[in-house]
$ cat upload_31.tsv   # TSV, C-alpha atoms
chain	number	residue	atom	x	y	z
A	69	MET	CA	-6.90	-99.33	6.43
A	70	SER	CA	-3.52	-98.22	7.76
A	71	TRP	CA	-0.31	-97.53	5.92
A	72	PRO	CA	3.12	-96.09	6.81
A	73	ALA	CA	3.39	-92.34	7.15
A	74	PRO	CA	4.76	-90.68	4.01
A	75	ALA	CA	8.42	-89.76	3.76
A	76	PRO	CA	9.17	-86.13	4.58
A	77	THR	CA	9.09	-85.12	0.93
A	78	ALA	CA	5.87	-86.97	0.09
A	79	VAL	CA	2.26	-85.99	0.52
A	80	VAL	CA	-1.08	-87.64	1.13
A	81	ARG	CA	-3.57	-86.79	-1.65
A	82	ILE	CA	-7.31	-86.98	-1.02
A	83	SER	CA	-10.05	-86.44	-3.59
A	84	THR	CA	-13.84	-86.65	-3.33
A	85	GLY	CA	-16.85	-85.48	-5.29
A	86	SER	CA	-19.73	-84.75	-2.97
A	87	GLY	CA	-18.26	-86.57	-0.01
A	88	ALA	CA	-16.90	-84.61	2.93
A	89	VAL	CA	-13.27	-84.93	4.01
A	90	HIS	CA	-12.11	-84.89	7.61
A	91	VAL	CA	-8.41	-85.09	8.42
A	92	GLN	CA	-7.18	-85.39	11.99
A	93	ALA	CA	-3.46	-84.86	12.64
A	94	GLU	CA	-2.29	-86.57	15.82
A	95	ALA	CA	0.97	-86.04	17.69
A	96	ASP	CA	1.38	-89.65	18.82
A	97	ARG	CA	0.47	-91.23	15.49
A	98	THR	CA	3.20	-92.91	13.41
A	99	GLU	CA	1.15	-94.25	10.50
A	100	CYS	CA	-1.74	-92.98	8.41
A	101	TRP	CA	-5.24	-94.42	8.60
A	102	SER	CA	-8.30	-93.95	6.41
A	103	ASN	CA	-11.79	-95.42	6.21
A	104	VAL	CA	-11.30	-95.63	2.41
A	105	ASP	CA	-8.66	-97.80	0.73
A	106	ALA	CA	-5.72	-95.87	-0.71
A	107	LEU	CA	-4.99	-96.30	-4.41
A	108	ASP	CA	-1.80	-98.07	-5.38
A	109	GLY	CA	1.16	-95.94	-6.39
A	110	SER	CA	2.98	-92.88	-5.24
A	111	PRO	CA	2.12	-90.37	-3.94
A	112	MET	CA	-0.38	-91.99	-1.60
A	113	THR	CA	-3.81	-91.15	-3.01
A	114	ILE	CA	-7.32	-91.66	-1.61
A	115	ASP	CA	-10.35	-91.24	-3.88
A	116	GLY	CA	-13.59	-91.13	-1.93
A	117	GLY	CA	-16.08	-90.35	-4.70
A	118	SER	CA	-19.33	-89.49	-2.97
A	119	SER	CA	-18.38	-91.16	0.30
A	120	LYS	CA	-17.22	-89.30	3.36
A	121	VAL	CA	-13.48	-89.74	3.87
A	122	GLU	CA	-11.94	-89.88	7.34
A	123	VAL	CA	-8.15	-89.73	7.51
A	124	ARG	CA	-5.78	-89.69	10.47
A	125	VAL	CA	-2.16	-88.68	9.91
A	126	PRO	CA	0.94	-87.93	11.98
A	127	GLU	CA	1.44	-84.27	12.86
A	128	GLY	CA	3.28	-82.34	10.13
A	129	THR	CA	2.08	-84.49	7.21
A	130	ASP	CA	1.79	-82.62	3.90
A	131	LEU	CA	-1.66	-82.88	2.29
A	132	VAL	CA	-3.34	-82.13	-1.04
A	133	ILE	CA	-7.13	-82.32	-0.83
A	134	GLY	CA	-9.98	-81.65	-3.24
A	135	SER	CA	-13.74	-82.01	-3.31
A	136	THR	CA	-16.57	-80.71	-5.42
A	137	SER	CA	-19.26	-80.00	-2.85
A	138	GLY	CA	-18.04	-81.86	0.18
A	139	LYS	CA	-16.85	-79.92	3.20
A	140	VAL	CA	-13.12	-80.21	3.98
A	141	THR	CA	-12.09	-80.03	7.63
A	142	VAL	CA	-8.52	-80.41	8.87
A	143	ASP	CA	-7.94	-80.59	12.62
A	144	GLY	CA	-4.59	-80.65	14.39
A	145	ARG	CA	-1.22	-79.45	13.05
A	146	VAL	CA	-0.32	-80.53	9.51
A	147	GLY	CA	2.53	-79.57	7.15
A	148	ALA	CA	2.03	-77.82	3.83
A	149	ILE	CA	-1.60	-78.19	2.78
A	150	SER	CA	-3.41	-77.44	-0.48
A	151	VAL	CA	-7.21	-77.64	-0.63
A	152	LEU	CA	-9.46	-77.09	-3.64
A	153	THR	CA	-13.27	-77.20	-3.58
A	154	THR	CA	-16.05	-75.94	-5.79
A	155	SER	CA	-18.71	-75.24	-3.19
A	156	GLY	CA	-17.48	-77.10	-0.18
A	157	ARG	CA	-16.51	-75.14	2.91
A	158	ILE	CA	-12.81	-75.31	3.89
A	159	SER	CA	-11.74	-75.28	7.53
A	160	ILE	CA	-8.06	-75.64	8.48
A	161	ASP	CA	-6.91	-75.66	12.07
A	162	HIS	CA	-3.09	-75.37	11.97
A	163	ALA	CA	-0.69	-75.83	9.06
A	164	ALA	CA	2.89	-75.01	8.15
A	165	SER	CA	1.60	-73.33	4.97
A	166	VAL	CA	-1.76	-73.13	3.21
A	167	ASP	CA	-3.04	-72.96	-0.37
A	168	ALA	CA	-6.86	-73.02	-0.20
A	169	ARG	CA	-9.23	-72.32	-3.08
A	170	SER	CA	-12.99	-72.47	-3.39
A	171	THR	CA	-15.46	-71.13	-5.89
A	172	SER	CA	-18.30	-70.47	-3.48
A	173	GLY	CA	-17.35	-72.18	-0.26
A	174	ARG	CA	-16.23	-70.24	2.79
A	175	VAL	CA	-12.52	-70.59	3.68
A	176	GLU	CA	-11.41	-70.48	7.31
A	177	VAL	CA	-7.80	-70.86	8.47
A	178	VAL	CA	-7.09	-70.66	12.17
A	179	HIS	CA	-3.29	-70.71	12.07
A	180	ALA	CA	-0.75	-70.88	9.23
A	181	ASP	CA	2.86	-70.75	10.43
A	182	GLY	CA	4.12	-69.66	7.00
A	183	GLU	CA	2.52	-68.42	3.80
A	184	CYS	CA	-1.25	-68.52	3.53
A	185	ARG	CA	-2.56	-68.33	-0.03
A	186	VAL	CA	-6.34	-68.23	-0.44
A	187	VAL	CA	-8.39	-67.83	-3.63
A	188	SER	CA	-12.18	-67.55	-3.50
A	189	THR	CA	-14.81	-66.41	-5.95
A	190	SER	CA	-17.70	-65.58	-3.68
A	191	GLY	CA	-17.03	-67.26	-0.37
A	192	LYS	CA	-15.81	-65.33	2.65
A	193	VAL	CA	-12.12	-65.71	3.56
A	194	GLN	CA	-11.19	-65.65	7.25
A	195	VAL	CA	-7.58	-66.20	8.37
A	196	ASP	CA	-7.04	-65.80	12.09
A	197	ARG	CA	-3.23	-65.95	12.10
A	198	CYS	CA	-0.66	-66.41	9.34
A	199	GLY	CA	2.83	-65.56	8.15
A	200	ALA	CA	2.89	-63.98	4.72
A	201	ALA	CA	-0.52	-63.87	3.05
A	202	ASP	CA	-1.79	-63.76	-0.52
A	203	ALA	CA	-5.59	-63.64	-0.59
A	204	ALA	CA	-7.96	-63.01	-3.47
A	205	SER	CA	-11.73	-62.98	-3.77
A	206	ARG	CA	-14.18	-61.66	-6.31
A	207	SER	CA	-17.05	-60.74	-4.00
A	208	GLY	CA	-16.39	-62.46	-0.72
A	209	ARG	CA	-15.01	-60.47	2.18
A	210	ILE	CA	-11.32	-61.07	3.07
A	211	VAL	CA	-10.29	-60.88	6.72
A	212	LEU	CA	-6.64	-61.42	7.71
A	213	ALA	CA	-6.85	-60.95	11.45
A	214	ASP	CA	-3.19	-61.32	12.46
A	215	ALA	CA	-0.64	-61.30	9.63
A	216	HIS	CA	2.99	-61.87	10.62
A	217	GLY	CA	4.48	-61.26	7.17
A	218	PRO	CA	3.94	-59.27	3.99
A	219	VAL	CA	0.37	-59.25	2.70
A	220	ARG	CA	-1.11	-59.11	-0.77
A	221	ALA	CA	-4.89	-58.97	-0.98
A	222	ASN	CA	-7.10	-58.50	-4.02
A	223	CYS	CA	-10.88	-58.29	-3.90
A	224	THR	CA	-13.10	-57.08	-6.71
A	225	SER	CA	-16.16	-55.93	-4.81
A	226	GLY	CA	-15.79	-57.30	-1.30
A	227	LYS	CA	-14.21	-55.64	1.71
A	228	ILE	CA	-10.56	-56.29	2.72
A	229	VAL	CA	-9.66	-56.17	6.41
A	230	VAL	CA	-6.00	-56.70	7.35
A	231	ALA	CA	-4.48	-56.47	10.83
A	232	VAL	CA	-0.70	-56.64	10.53
A	233	ALA	CA	1.33	-57.83	13.51
A	234	GLY	CA	4.53	-55.88	12.79
A	235	ALA	CA	6.36	-53.80	10.21
A	236	HIS	CA	5.30	-55.81	7.17
A	237	ASP	CA	4.41	-54.45	3.74
A	238	VAL	CA	0.83	-54.60	2.50
A	239	ASP	CA	-0.43	-54.47	-1.08
A	240	ALA	CA	-4.23	-54.35	-1.13
A	241	GLU	CA	-6.47	-53.72	-4.10
A	242	THR	CA	-10.19	-53.58	-4.76
A	243	VAL	CA	-12.30	-52.22	-7.58
A	244	SER	CA	-15.21	-51.14	-5.40
A	245	GLY	CA	-14.74	-52.62	-1.94
A	246	ARG	CA	-13.45	-50.87	1.18
A	247	ILE	CA	-9.88	-51.52	2.45
A	248	ASP	CA	-9.05	-51.42	6.17
A	249	VAL	CA	-5.41	-51.96	7.20
A	250	SER	CA	-4.24	-51.63	10.80
A	251	TYR	CA	-0.82	-51.78	12.46
A	252	PRO	CA	0.43	-51.82	16.04
A	253	VAL	CA	0.76	-48.26	17.30
A	254	GLU	CA	4.58	-48.28	17.20
A	255	VAL	CA	4.75	-49.10	13.47
A	256	ARG	CA	4.98	-46.19	11.02
A	257	PRO	CA	3.81	-47.32	7.58
A	258	LEU	CA	4.24	-45.28	4.43
A	259	VAL	CA	0.92	-45.25	2.58
A	260	ALA	CA	0.67	-44.86	-1.19
A	261	SER	CA	-1.74	-45.65	-3.96
A	262	SER	CA	0.84	-47.10	-6.34
A	263	ALA	CA	4.31	-48.60	-6.33
A	264	ALA	CA	5.53	-45.62	-8.36
A	265	ASP	CA	4.47	-43.27	-5.56
A	266	LEU	CA	6.64	-45.20	-3.12
A	267	ALA	CA	9.79	-44.50	-5.14
A	268	ALA	CA	9.31	-40.76	-4.65
A	269	ALA	CA	8.52	-40.98	-0.94
A	270	THR	CA	10.72	-39.75	1.86
A	271	PRO	CA	12.50	-42.29	4.10
A	272	GLY	CA	11.78	-42.77	7.78
A	273	HIS	CA	9.06	-45.37	7.60
A	274	ASP	CA	9.03	-48.96	8.84
A	275	CYS	CA	7.07	-50.52	5.99
A	276	THR	CA	4.86	-49.69	3.04
A	277	VAL	CA	1.15	-49.93	2.29
A	278	VAL	CA	0.06	-49.76	-1.31
A	279	ALA	CA	-3.72	-49.62	-1.23
A	280	ARG	CA	-5.81	-49.04	-4.32
A	281	SER	CA	-9.58	-48.94	-4.54
A	282	GLY	CA	-11.52	-47.69	-7.54
A	283	SER	CA	-14.50	-46.43	-5.59
A	284	GLY	CA	-14.17	-47.91	-2.12
A	285	ARG	CA	-12.77	-46.14	0.93
A	286	VAL	CA	-9.19	-46.86	2.09
A	287	VAL	CA	-8.39	-46.63	5.80
A	288	VAL	CA	-4.91	-47.26	7.28
A	289	SER	CA	-4.78	-46.97	11.06
A	290	THR	CA	-2.92	-47.99	14.19
A	291	ARG	CA	-4.37	-49.93	17.09
B	268	MET	CA	6.93	-82.93	-11.00
B	269	THR	CA	4.23	-85.44	-11.66
B	270	SER	CA	4.73	-88.97	-12.85
B	271	SER	CA	1.80	-88.71	-15.26
B	272	GLU	CA	2.54	-89.58	-18.85
B	273	LEU	CA	2.19	-87.02	-21.57
B	274	PRO	CA	-0.98	-87.76	-23.56
B	275	PRO	CA	-0.56	-88.76	-27.21
B	276	SER	CA	-1.22	-85.20	-28.30
B	277	THR	CA	0.94	-82.37	-26.99
B	278	ASP	CA	-1.52	-79.67	-28.01
B	279	THR	CA	-1.66	-77.15	-25.21
B	280	VAL	CA	-4.42	-74.62	-24.54
B	281	LEU	CA	-4.00	-71.50	-22.41
B	282	PHE	CA	-6.82	-69.28	-21.17
B	283	THR	CA	-6.29	-65.86	-19.63
B	284	ASP	CA	-8.75	-63.66	-17.76
B	285	LEU	CA	-8.51	-60.11	-16.42
B	286	VAL	CA	-9.55	-60.21	-12.77
B	287	GLY	CA	-12.39	-57.79	-11.96
B	288	PHE	CA	-12.79	-56.55	-15.53
B	289	THR	CA	-16.59	-56.30	-15.44
B	290	GLU	CA	-16.56	-54.25	-12.25
B	291	TYR	CA	-13.71	-52.11	-13.61
B	292	ASN	CA	-15.73	-51.44	-16.76
B	293	ASP	CA	-18.74	-50.45	-14.61
B	294	ALA	CA	-16.65	-48.14	-12.46
B	295	PHE	CA	-14.47	-46.45	-15.08
B	296	GLY	CA	-16.37	-46.69	-18.36
B	297	ASP	CA	-15.92	-48.23	-21.78
B	298	ALA	CA	-12.92	-46.18	-22.88
B	299	ALA	CA	-10.83	-47.28	-19.91
B	300	ALA	CA	-11.96	-50.86	-20.37
B	301	VAL	CA	-11.03	-50.89	-24.05
B	302	ALA	CA	-7.61	-49.42	-23.21
B	303	ALA	CA	-7.01	-52.26	-20.76
B	304	LEU	CA	-8.03	-54.85	-23.36
B	305	ASP	CA	-5.75	-53.30	-25.98
B	306	ALA	CA	-2.81	-53.25	-23.56
B	307	GLN	CA	-3.39	-56.89	-22.62
B	308	LEU	CA	-3.59	-57.91	-26.27
B	309	ALA	CA	-0.35	-56.13	-27.13
B	310	ILE	CA	1.47	-57.86	-24.27
B	311	ALA	CA	0.06	-61.23	-25.30
B	312	ARG	CA	1.03	-60.86	-28.94
B	313	ARG	CA	4.61	-60.01	-28.00
B	314	ALA	CA	4.78	-63.24	-26.00
B	315	LEU	CA	3.95	-65.54	-28.93
B	316	THR	CA	6.63	-67.29	-30.96
B	317	GLY	CA	6.80	-69.92	-33.71
B	318	ASP	CA	3.62	-71.85	-34.44
B	319	SER	CA	1.89	-70.65	-31.27
B	320	ARG	CA	-1.42	-68.92	-31.92
B	321	LEU	CA	-3.85	-66.54	-30.30
B	322	VAL	CA	-7.08	-68.36	-31.16
B	323	LYS	CA	-9.60	-65.75	-30.08
B	324	GLU	CA	-10.65	-63.06	-27.65
B	325	LEU	CA	-13.40	-63.97	-25.21
B	326	GLY	CA	-14.62	-60.76	-23.62
B	327	ASP	CA	-11.75	-59.80	-21.34
B	328	GLY	CA	-10.10	-63.19	-21.76
B	329	LEU	CA	-7.81	-64.67	-24.38
B	330	MET	CA	-7.48	-68.22	-25.66
B	331	PHE	CA	-4.21	-69.55	-27.07
B	332	TRP	CA	-3.10	-72.75	-28.75
B	333	PHE	CA	0.47	-74.09	-28.57
B	334	PRO	CA	2.01	-77.18	-30.16
B	335	HIS	CA	3.61	-78.24	-26.86
B	336	PRO	CA	3.63	-77.30	-23.15
B	337	LYS	CA	7.17	-75.84	-23.38
B	338	PRO	CA	6.38	-72.84	-25.61
B	339	ALA	CA	3.09	-72.50	-23.76
B	340	LEU	CA	4.89	-72.06	-20.44
B	341	THR	CA	7.37	-69.65	-22.00
B	342	ALA	CA	4.56	-67.52	-23.40
B	343	ALA	CA	2.48	-67.65	-20.23
B	344	THR	CA	5.36	-66.47	-18.07
B	345	ALA	CA	6.13	-63.70	-20.56
B	346	ILE	CA	2.52	-62.53	-20.33
B	347	LEU	CA	2.60	-62.66	-16.53
B	348	ASN	CA	5.81	-60.64	-16.48
B	349	GLY	CA	4.46	-58.21	-19.07
B	350	ILE	CA	1.29	-57.56	-17.07
B	351	ASP	CA	3.33	-57.17	-13.85
B	352	ALA	CA	5.60	-54.62	-15.51
B	353	ALA	CA	2.63	-52.74	-16.98
B	354	ARG	CA	0.98	-52.62	-13.56
B	355	GLU	CA	4.11	-51.29	-11.89
B	356	HIS	CA	5.24	-48.77	-14.49
B	357	GLU	CA	2.26	-47.94	-16.70
B	358	GLY	CA	-0.69	-48.09	-14.34
B	359	PHE	CA	-2.28	-51.15	-15.93
B	360	PRO	CA	-5.30	-51.53	-13.66
B	361	LEU	CA	-6.02	-55.25	-13.38
B	362	GLY	CA	-4.35	-58.53	-12.56
B	363	ILE	CA	-4.39	-61.51	-14.88
B	364	ARG	CA	-5.06	-65.16	-14.14
B	365	MET	CA	-4.31	-68.13	-16.35
B	366	GLY	CA	-5.16	-71.80	-16.78
B	367	MET	CA	-3.40	-74.35	-18.99
B	368	HIS	CA	-4.14	-77.94	-20.04
B	369	ALA	CA	-2.56	-80.28	-22.59
B	370	GLY	CA	-4.29	-82.90	-24.72
B	371	ALA	CA	-5.95	-83.44	-28.06
B	372	VAL	CA	-7.94	-80.61	-29.64
B	373	THR	CA	-10.08	-80.47	-32.76
B	374	ALA	CA	-9.72	-77.68	-35.32
B	375	ARG	CA	-12.95	-76.00	-36.36
B	376	GLY	CA	-12.08	-73.33	-38.89
B	377	ASP	CA	-9.78	-70.91	-37.07
B	378	ASP	CA	-11.07	-72.16	-33.73
B	379	VAL	CA	-10.07	-75.19	-31.67
B	380	VAL	CA	-12.61	-77.09	-29.62
B	381	GLY	CA	-12.89	-80.18	-27.46
B	382	HIS	CA	-12.48	-81.51	-23.95
B	383	THR	CA	-8.96	-80.10	-23.55
B	384	VAL	CA	-10.28	-76.61	-24.27
B	385	ASN	CA	-13.10	-77.00	-21.74
B	386	VAL	CA	-10.73	-78.22	-19.04
B	387	ALA	CA	-8.24	-75.39	-19.66
B	388	SER	CA	-11.05	-72.86	-19.28
B	389	ARG	CA	-12.17	-74.45	-16.02
B	390	ILE	CA	-8.59	-74.38	-14.69
B	391	ALA	CA	-8.29	-70.64	-15.38
B	392	ASP	CA	-11.34	-70.06	-13.16
B	393	LEU	CA	-9.39	-71.53	-10.23
B	394	ALA	CA	-6.35	-69.25	-10.52
B	395	GLY	CA	-5.90	-66.12	-8.46
B	396	PRO	CA	-4.63	-62.75	-9.71
B	397	GLY	CA	-1.11	-63.10	-11.12
B	398	GLU	CA	-1.28	-66.87	-11.09
B	399	LEU	CA	-0.78	-69.56	-13.71
B	400	VAL	CA	-2.39	-72.89	-12.83
B	401	VAL	CA	-1.64	-75.97	-14.95
B	402	SER	CA	-2.73	-79.60	-15.06
B	403	ASP	CA	-0.71	-82.78	-14.64
B	404	SER	CA	-0.69	-83.22	-18.41
B	405	VAL	CA	1.16	-79.92	-18.84
B	406	LEU	CA	3.77	-80.86	-16.24
B	407	ALA	CA	4.28	-84.19	-17.96
B	408	GLY	CA	5.46	-82.32	-21.05
B	409	LEU	CA	7.97	-80.18	-19.18
B	410	GLU	CA	11.45	-81.08	-18.04
B	411	ALA	CA	11.79	-81.49	-14.30
B	412	THR	CA	14.04	-78.44	-14.09
B	413	ALA	CA	11.84	-76.25	-16.27
B	414	ALA	CA	10.14	-74.47	-13.40
B	415	VAL	CA	8.95	-74.85	-9.83
B	416	PHE	CA	5.30	-75.74	-9.33
B	417	GLN	CA	3.31	-76.07	-6.11
B	418	PRO	CA	0.32	-78.40	-5.73
B	419	VAL	CA	-3.13	-76.82	-5.82
B	420	GLY	CA	-5.38	-79.86	-5.63
B	421	PRO	CA	-7.65	-82.11	-7.64
B	422	ALA	CA	-10.40	-80.51	-9.73
B	423	ARG	CA	-13.47	-82.44	-10.83
B	424	VAL	CA	-14.55	-81.78	-14.39
B	425	LYS	CA	-18.00	-82.65	-15.75
B	426	GLY	CA	-18.01	-85.89	-17.67
B	427	VAL	CA	-14.63	-87.02	-16.38
B	428	GLN	CA	-14.42	-89.72	-13.73
B	429	ALA	CA	-10.89	-89.09	-12.50
B	430	PRO	CA	-9.92	-85.74	-10.98
B	431	VAL	CA	-7.55	-83.40	-12.80
B	432	TRP	CA	-4.60	-82.64	-10.49
B	433	LEU	CA	-3.55	-79.02	-10.63
B	434	HIS	CA	-0.36	-77.11	-9.86
B	435	ARG	CA	0.55	-73.44	-9.47
B	436	PHE	CA	3.54	-71.95	-11.28
B	437	ALA	CA	5.71	-70.72	-8.43
B	438	ALA	CA	9.08	-69.78	-9.89
B	439	PRO	CA	10.46	-68.95	-13.32
B	440	LEU	CA	12.47	-71.08	-15.68
B	441	ALA	CA	15.82	-72.18	-14.33
B	442	GLY	CA	19.02	-70.92	-15.87

$ encode --input "upload_31.tsv" --output "structure tokens"
Amino acid sequence: MSWPAPAPTAVVRISTGSGAVHVQAEADRTECWSNVDALDGSPMTIDGGSSKVEVRVPEGTDLVIGSTSGKVTVDGRVGAISVLTTSGRISIDHAASVDARSTSGRVEVVHADGECRVVSTSGKVQVDRCGAADAASRSGRIVLADAHGPVRANCTSGKIVVAVAGAHDVDAETVSGRIDVSYPVEVRPLVASSAADLAAATPGHDCTVVARSGSGRVVVSTR
Amino acid sequence: MTSSELPPSTDTVLFTDLVGFTEYNDAFGDAAAVAALDAQLAIARRALTGDSRLVKELGDGLMFWFPHPKPALTAATAILNGIDAAREHEGFPLGIRMGMHAGAVTARGDDVVGHTVNVASRIADLAGPGELVVSDSVLAGLEATAAVFQPVGPARVKGVQAPVWLHRFAAPLAG
């Protein structure tokens, strides 16, 4: 079925159990389409149950998506997107901002223009490019490959790898995992193990790195 | 804000969990772990007002009951702020995550049980460090200007056909 694209302040909501979700954002599209009937009411809501849900939306559409075990794939450029799965893998191509959470599914974000917030229990988190980032995982590895804003990363036992694009602050914390933070060679970060240490530090730095690991190694480098 | 209607009961259940507590205990020993639990408990108790109640401790987590979502949100934000301040100024070692749901509960001695409790616990599992995640039913009990929430997504809960739509607390109370 097809229906008009949502107003700028509205979102398309998609929910499935075991069914996969595939969203395709298209530049020349002016209305939304889905293989599953949308429920009546506002916001526009699609409930796929165990069926696979295919949705096509105009570029820039805001989305809220959830599944239990179904994989969620979003291709093209969308607006603000929130995705929640239990074990389903999450793959997002390009969004204005991202909130993605999975208990055990892997989370992959290719490009988030703004904030990228990711929460995972055991799945690996891979963000290729983002603005500000807030990523947390219990045991899955966190990789923020090109962060263009301040970063907060928390991992209990997995490794945290952050490559920062400019003079942006980083706050990274693990109990036992290793922390690797890298900056462009021209950036001079001030490195500390607590916020209190920063207050006593001398000026002359471009940004701050607060990195705490109980037993893991902390490495801050330039590249 | 959601358009969902507040359920007949406004009972509200809040679960908290210290992120990485088990690994912290393994790495730093029982004395450090107990100190963290004591500090968390003191912060939580200071946040409670009126009829609100700390129901029980669950390992490194806490379970609260509130008569309505409003005092629940007030207490939850006070706990978040208290933990943040303790981390910045007192070296409190761990972040806290929280989940909240509103609906009918059943008293069982000093405990409360039921579907609402189970859902609140499940919601807490989906929050990240320093986050409060709430259900539609909680938002329905709050005024539109009470706080800013961002959508998280729909969670499926065992035994419930319809998904529970979740939201992340993003900004403090207005005014």

$ closest_residue --input "upload_31.tsv" --among "B:Asp278, B:Asp327, B:Asp392, B:Asp351" --to "chain A" --atoms "all atoms listed in the file"
B:Asp392

$ closest_atom_pairs --input "upload_31.tsv" --of "chain B" --to "chain A" --cutoff "6 Å" --atoms "only C-alpha atoms" --output "tab-separated table"
residue	atom	partner	partner_atom	distance
B:Gly287	CA	A:Thr224	CA	5.3
B:Gly395	CA	A:Val187	CA	5.7
B:Val419	CA	A:Ser150	CA	5.4
B:Gly420	CA	A:Leu152	CA	5.3
B:Pro421	CA	A:Gly134	CA	5.0

$ closest_residue --input "upload_31.tsv" --among "A:Arg124, A:Arg145, A:Lys192, A:Arg220" --to "A:His179" --atoms "only C-alpha atoms"
A:Arg145

$ atom_distance --input "upload_31.tsv" --atom1 "atom CA of B:Val427" --atom2 "atom CA of B:Val372"
16.2 Å

$ residues_around --input "upload_31.tsv" --residues "A:Val259" --least-positions-apart "4" --cutoff "12 Å" --atoms "all atoms listed in the file" --output "PDB file with C-alpha atoms, in the frame of the given file"
ATOM      1  CA  ASP A 237       4.410 -54.450   3.740  1.00  0.00           C
ATOM      2  CA  VAL A 238       0.830 -54.600   2.500  1.00  0.00           C
ATOM      3  CA  ASP A 239      -0.430 -54.470  -1.080  1.00  0.00           C
ATOM      4  CA  ALA A 240      -4.230 -54.350  -1.130  1.00  0.00           C
ATOM      5  CA  VAL A 249      -5.410 -51.960   7.200  1.00  0.00           C
ATOM      6  CA  SER A 250      -4.240 -51.630  10.800  1.00  0.00           C
ATOM      7  CA  TYR A 251      -0.820 -51.780  12.460  1.00  0.00           C
ATOM      8  CA  ALA A 263       4.310 -48.600  -6.330  1.00  0.00           C
ATOM      9  CA  ALA A 264       5.530 -45.620  -8.360  1.00  0.00           C
ATOM     10  CA  ASP A 265       4.470 -43.270  -5.560  1.00  0.00           C
ATOM     11  CA  LEU A 266       6.640 -45.200  -3.120  1.00  0.00           C
ATOM     12  CA  ALA A 267       9.790 -44.500  -5.140  1.00  0.00           C
ATOM     13  CA  ALA A 268       9.310 -40.760  -4.650  1.00  0.00           C
ATOM     14  CA  ALA A 269       8.520 -40.980  -0.940  1.00  0.00           C
ATOM     15  CA  THR A 270      10.720 -39.750   1.860  1.00  0.00           C
ATOM     16  CA  HIS A 273       9.060 -45.370   7.600  1.00  0.00           C
ATOM     17  CA  ASP A 274       9.030 -48.960   8.840  1.00  0.00           C
ATOM     18  CA  CYS A 275       7.070 -50.520   5.990  1.00  0.00           C
ATOM     19  CA  THR A 276       4.860 -49.690   3.040  1.00  0.00           C
ATOM     20  CA  VAL A 277       1.150 -49.930   2.290  1.00  0.00           C
ATOM     21  CA  VAL A 278       0.060 -49.760  -1.310  1.00  0.00           C
ATOM     22  CA  ALA A 279      -3.720 -49.620  -1.230  1.00  0.00           C
ATOM     23  CA  ARG A 280      -5.810 -49.040  -4.320  1.00  0.00           C
ATOM     24  CA  VAL A 286      -9.190 -46.860   2.090  1.00  0.00           C
ATOM     25  CA  VAL A 287      -8.390 -46.630   5.800  1.00  0.00           C
ATOM     26  CA  VAL A 288      -4.910 -47.260   7.280  1.00  0.00           C
ATOM     27  CA  SER A 289      -4.780 -46.970  11.060  1.00  0.00           C
TER      28      SER A 289
END

$ residues_around --input "upload_31.tsv" --residues "A:Val232" --least-positions-apart "4" --cutoff "10 Å" --atoms "all atoms listed in the file" --output "NGL selection string"
:A and (197-199 or 212-219 or 236-238 or 249-252 or 255 or 290)

$ write_last_selection --input "upload_31.tsv" --atoms "C-alpha atoms" --output "PDB file, in the frame of the given file"
ATOM      1  CA  ARG A 197      -3.230 -65.950  12.100  1.00  0.00           C
ATOM      2  CA  CYS A 198      -0.660 -66.410   9.340  1.00  0.00           C
ATOM      3  CA  GLY A 199       2.830 -65.560   8.150  1.00  0.00           C
ATOM      4  CA  LEU A 212      -6.640 -61.420   7.710  1.00  0.00           C
ATOM      5  CA  ALA A 213      -6.850 -60.950  11.450  1.00  0.00           C
ATOM      6  CA  ASP A 214      -3.190 -61.320  12.460  1.00  0.00           C
ATOM      7  CA  ALA A 215      -0.640 -61.300   9.630  1.00  0.00           C
ATOM      8  CA  HIS A 216       2.990 -61.870  10.620  1.00  0.00           C
ATOM      9  CA  GLY A 217       4.480 -61.260   7.170  1.00  0.00           C
ATOM     10  CA  PRO A 218       3.940 -59.270   3.990  1.00  0.00           C
ATOM     11  CA  VAL A 219       0.370 -59.250   2.700  1.00  0.00           C
ATOM     12  CA  HIS A 236       5.300 -55.810   7.170  1.00  0.00           C
ATOM     13  CA  ASP A 237       4.410 -54.450   3.740  1.00  0.00           C
ATOM     14  CA  VAL A 238       0.830 -54.600   2.500  1.00  0.00           C
ATOM     15  CA  VAL A 249      -5.410 -51.960   7.200  1.00  0.00           C
ATOM     16  CA  SER A 250      -4.240 -51.630  10.800  1.00  0.00           C
ATOM     17  CA  TYR A 251      -0.820 -51.780  12.460  1.00  0.00           C
ATOM     18  CA  PRO A 252       0.430 -51.820  16.040  1.00  0.00           C
ATOM     19  CA  VAL A 255       4.750 -49.100  13.470  1.00  0.00           C
ATOM     20  CA  THR A 290      -2.920 -47.990  14.190  1.00  0.00           C
TER      21      THR A 290
END

$ residues_around --input "upload_31.tsv" --residues "A:Ile160" --least-positions-apart "3" --cutoff "10 Å" --atoms "all atoms listed in the file" --output "list in words"
Val91, Val140, Thr141, Val142, Asp143, Gly144, Arg145, Val146, Ile149, Val151, Ala163, Val166, Ala168, Val175, Glu176, Val177, Val178, His179, Ala180 and Val195 of chain A

$ residues_around --input "upload_31.tsv" --residues "B:Phe436" --least-positions-apart "5" --cutoff "8 Å" --atoms "only C-alpha atoms" --output "count of residues only"
8

$ residues_around --input "upload_31.tsv" --residues "B:Ala306" --least-positions-apart "4" --cutoff "12 Å" --atoms "all atoms listed in the file" --output "ChimeraX atom specification"
/B:285,299-302,310-313,327,346,349-350,352-354,357-361
